[in-house]
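J.: Below is the structure I would like to discuss, written out as structure tokens.
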Amino acid sequence: MPPKPKYSKEEIITAAFELARERGISAVVAREVGKRLGTSSSPIFTVFHSMDELLQEVVRMAWERFNQYLSVADCFTPSFKMRGLQFIHFAQDEPKLFQMLFMQEEAPMEFNTMMQQRVIGFQADLAIIQNNYHVSPEQAQRLFQHVWVCAYGICVLCATGICTLSEQELNSMLGSAFAGQMMLIKSGASSFHATPAPRESETGKQMNHAFPEFEQQ
């Protein structure tokens, strides 16, 4: 007959989750979780078959916390902008959880595919933009992508502690990104490349992503 667990599954998950919140997912190892509970690592394995199983529960709880932030936007207008602000608030309030959910190294993919597969609420936000701002599906996607890139960049700055931003600054940055892209859409600009790439002053040659000295001849 297996030994009766000294700690419940919920207690172990909570201890591991709080550890991830404070120190990051890399700190969630059996010894540290046991220490947080005031015991050895042994009780963990009377409930979980492996640490991977426990880590999955920690990630699940992190997504639940994130979704709680996003759900606040349902009570605001414009909800699209509030979702962006809540995305950033999550990064500010829960930097370690943000890093765990949104800054882990993954296999690279094409930008549009990444937006559809990895961005939470992508289709819902496109529908909101189309309905509220009377734009086409393609225009809604372009607008969302630009504002999301802006919001994600701000999130990374906040989650890594590089800088702090006031609520007024956040509102201004997201609002400017949205208004700028909306102006391009209303002007009839049809692609992301509404402005030309930089060119060399003397030759007029358009530059690619490489430094000149590293370009292959």
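Labeling convention for the structure tokens: chains A, B, ... as they appear, residues from 1 per chain, ligands from 1 in order of appearance.
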Using DSSP on the backbone, list every residue of stretch 10-73 of chain A that comes out as alpha helix (DSSP H), and give them as a PyMOL selection string.
T.: chain A and resi 10-23+30-37+51-71
J.: Counting only C-alpha atoms, what is within 12 Å of A:Trp148, bar same-chain residues fewer than 3 positions away, as an MDAnalysis selection string?
T.: chainID A and resid 80:81 83:85 87:88 115 119:122 125:126 140:145 151:155 173:175 177:178 181
J.: Export C-alpha atoms of the chosen residues as a PDB file, in the first residue's frame?
T.:
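Resulting contents of out_11.pdb:
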ATOM      1  CA  PHE A  80      -8.598  46.031 -27.536  1.00  0.00           C
ATOM      2  CA  LYS A  81      -6.444  48.742 -25.980  1.00  0.00           C
ATOM      3  CA  ARG A  83      -6.095  44.019 -23.424  1.00  0.00           C
ATOM      4  CA  GLY A  84      -2.786  45.528 -24.514  1.00  0.00           C
ATOM      5  CA  LEU A  85      -2.465  47.415 -21.250  1.00  0.00           C
ATOM      6  CA  PHE A  87      -0.676  42.383 -21.189  1.00  0.00           C
ATOM      7  CA  ILE A  88       1.858  44.965 -19.999  1.00  0.00           C
ATOM      8  CA  MET A 115       0.916  35.512 -34.548  1.00  0.00           C
ATOM      9  CA  VAL A 119      -0.552  35.084 -29.593  1.00  0.00           C
ATOM     10  CA  ILE A 120      -3.363  34.655 -27.089  1.00  0.00           C
ATOM     11  CA  GLY A 121      -6.683  36.111 -28.237  1.00  0.00           C
ATOM     12  CA  PHE A 122      -5.456  36.838 -31.769  1.00  0.00           C
ATOM     13  CA  ASP A 125      -8.938  40.860 -31.114  1.00  0.00           C
ATOM     14  CA  LEU A 126      -9.170  40.888 -34.925  1.00  0.00           C
ATOM     15  CA  ALA A 140      -7.322  44.582 -38.820  1.00  0.00           C
ATOM     16  CA  GLN A 141      -4.517  42.020 -38.858  1.00  0.00           C
ATOM     17  CA  ARG A 142      -1.934  44.615 -39.885  1.00  0.00           C
ATOM     18  CA  LEU A 143      -3.089  47.021 -37.182  1.00  0.00           C
ATOM     19  CA  PHE A 144      -3.098  44.327 -34.518  1.00  0.00           C
ATOM     20  CA  GLN A 145       0.382  43.113 -35.452  1.00  0.00           C
ATOM     21  CA  ALA A 151       3.118  46.071 -26.526  1.00  0.00           C
ATOM     22  CA  TYR A 152       5.377  43.019 -26.475  1.00  0.00           C
ATOM     23  CA  GLY A 153       8.487  45.198 -26.610  1.00  0.00           C
ATOM     24  CA  ILE A 154       7.227  47.227 -23.661  1.00  0.00           C
ATOM     25  CA  CYS A 155       6.468  44.003 -21.784  1.00  0.00           C
ATOM     26  CA  MET A 173       2.782  54.615 -26.388  1.00  0.00           C
ATOM     27  CA  LEU A 174       0.007  52.178 -27.261  1.00  0.00           C
ATOM     28  CA  GLY A 175      -2.283  54.973 -28.416  1.00  0.00           C
ATOM     29  CA  ALA A 177       1.175  53.002 -32.207  1.00  0.00           C
ATOM     30  CA  PHE A 178      -2.519  52.432 -32.880  1.00  0.00           C
ATOM     31  CA  GLN A 181      -1.094  52.553 -38.088  1.00  0.00           C
TER      32      GLN A 181
END
J.: Between atom CA of A:Arg60 and atom CA of A:Ile129, what distance in Å does the model show, to one decimal?
T.: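 Taking atom CA of A:Arg60 as the start and atom CA of A:Ile129 as the end point, the length is 28.6 Å.
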J.: Can you pull out the residues contacting stretch 62-75 of chain A? Cut-off 9 Å, using only C-alpha atoms, and skip same-chain residues under 3 positions away; I want them as a ChimeraX atom specification.
T.: /A:17,21,57-59,78-87,89-90,97-98,100-101
J.: Generate a file of the selected residues that holds N, CA and C atoms, formatted as an mmCIF file, in the first residue's frame.
T.:
data_model
loop_
_atom_site.group_PDB
_atom_site.id
_atom_site.type_symbol
_atom_site.label_atom_id
_atom_site.label_comp_id
_atom_site.auth_asym_id
_atom_site.auth_seq_id
_atom_site.Cartn_x
_atom_site.Cartn_y
_atom_site.Cartn_z
ATOM 1 N N PHE A 17 4.458 27.002 -7.644
ATOM 2 C CA PHE A 17 4.032 28.196 -8.373
ATOM 3 C C PHE A 17 4.596 29.462 -7.739
ATOM 4 N N ARG A 21 7.049 32.278 -9.363
ATOM 5 C CA ARG A 21 6.736 33.712 -9.356
ATOM 6 C C ARG A 21 7.893 34.539 -8.831
ATOM 7 N N GLU A 57 1.846 21.726 -14.203
ATOM 8 C CA GLU A 57 0.831 22.338 -13.348
ATOM 9 C C GLU A 57 1.172 23.793 -13.041
ATOM 10 N N VAL A 58 2.454 24.075 -12.876
ATOM 11 C CA VAL A 58 2.888 25.453 -12.636
ATOM 12 C C VAL A 58 2.573 26.323 -13.849
ATOM 13 N N VAL A 59 2.873 25.824 -15.039
ATOM 14 C CA VAL A 59 2.580 26.567 -16.260
ATOM 15 C C VAL A 59 1.075 26.779 -16.411
ATOM 16 N N PRO A 78 -12.036 51.231 -25.176
ATOM 17 C CA PRO A 78 -11.958 50.108 -26.122
ATOM 18 C C PRO A 78 -11.262 48.897 -25.479
ATOM 19 N N SER A 79 -11.894 47.748 -25.616
ATOM 20 C CA SER A 79 -11.360 46.543 -24.975
ATOM 21 C C SER A 79 -10.034 46.115 -25.588
ATOM 22 N N PHE A 80 -9.846 46.404 -26.876
ATOM 23 C CA PHE A 80 -8.598 46.031 -27.536
ATOM 24 C C PHE A 80 -7.406 46.717 -26.880
ATOM 25 N N LYS A 81 -7.535 48.012 -26.625
ATOM 26 C CA LYS A 81 -6.444 48.742 -25.980
ATOM 27 C C LYS A 81 -6.252 48.261 -24.545
ATOM 28 N N MET A 82 -7.352 47.986 -23.845
ATOM 29 C CA MET A 82 -7.235 47.525 -22.466
ATOM 30 C C MET A 82 -6.557 46.174 -22.400
ATOM 31 N N ARG A 83 -6.787 45.304 -23.389
ATOM 32 C CA ARG A 83 -6.095 44.019 -23.424
ATOM 33 C C ARG A 83 -4.587 44.233 -23.561
ATOM 34 N N GLY A 84 -4.203 45.211 -24.381
ATOM 35 C CA GLY A 84 -2.786 45.528 -24.514
ATOM 36 C C GLY A 84 -2.197 46.033 -23.212
ATOM 37 N N LEU A 85 -2.935 46.896 -22.531
ATOM 38 C CA LEU A 85 -2.465 47.415 -21.250
ATOM 39 C C LEU A 85 -2.372 46.310 -20.206
ATOM 40 N N GLN A 86 -3.337 45.415 -20.195
ATOM 41 C CA GLN A 86 -3.303 44.311 -19.235
ATOM 42 C C GLN A 86 -2.165 43.339 -19.533
ATOM 43 N N PHE A 87 -1.850 43.170 -20.788
ATOM 44 C CA PHE A 87 -0.676 42.383 -21.189
ATOM 45 C C PHE A 87 0.572 42.963 -20.527
ATOM 46 N N HIS A 89 0.604 45.105 -17.911
ATOM 47 C CA HIS A 89 0.462 45.046 -16.451
ATOM 48 C C HIS A 89 0.889 43.680 -15.912
ATOM 49 N N PHE A 90 0.558 42.632 -16.661
ATOM 50 C CA PHE A 90 0.991 41.296 -16.254
ATOM 51 C C PHE A 90 2.512 41.219 -16.224
ATOM 52 N N LEU A 97 6.736 35.192 -14.228
ATOM 53 C CA LEU A 97 5.736 34.422 -14.951
ATOM 54 C C LEU A 97 5.695 34.843 -16.420
ATOM 55 N N PHE A 98 5.829 36.148 -16.669
ATOM 56 C CA PHE A 98 5.860 36.619 -18.054
ATOM 57 C C PHE A 98 7.031 36.004 -18.801
ATOM 58 N N MET A 100 8.504 33.240 -18.192
ATOM 59 C CA MET A 100 8.252 31.820 -18.377
ATOM 60 C C MET A 100 7.291 31.565 -19.534
ATOM 61 N N LEU A 101 6.244 32.376 -19.653
ATOM 62 C CA LEU A 101 5.220 32.142 -20.669
ATOM 63 C C LEU A 101 5.572 32.717 -22.032
#
J.: When you count only C-alpha atoms, which of these residues is closest to A:Ser26: A:Gln206, A:Thr39, A:Gln104, A:Thr46?
T.: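 Looking at the shortest contact to A:Ser26, the residue is A:Gln104.
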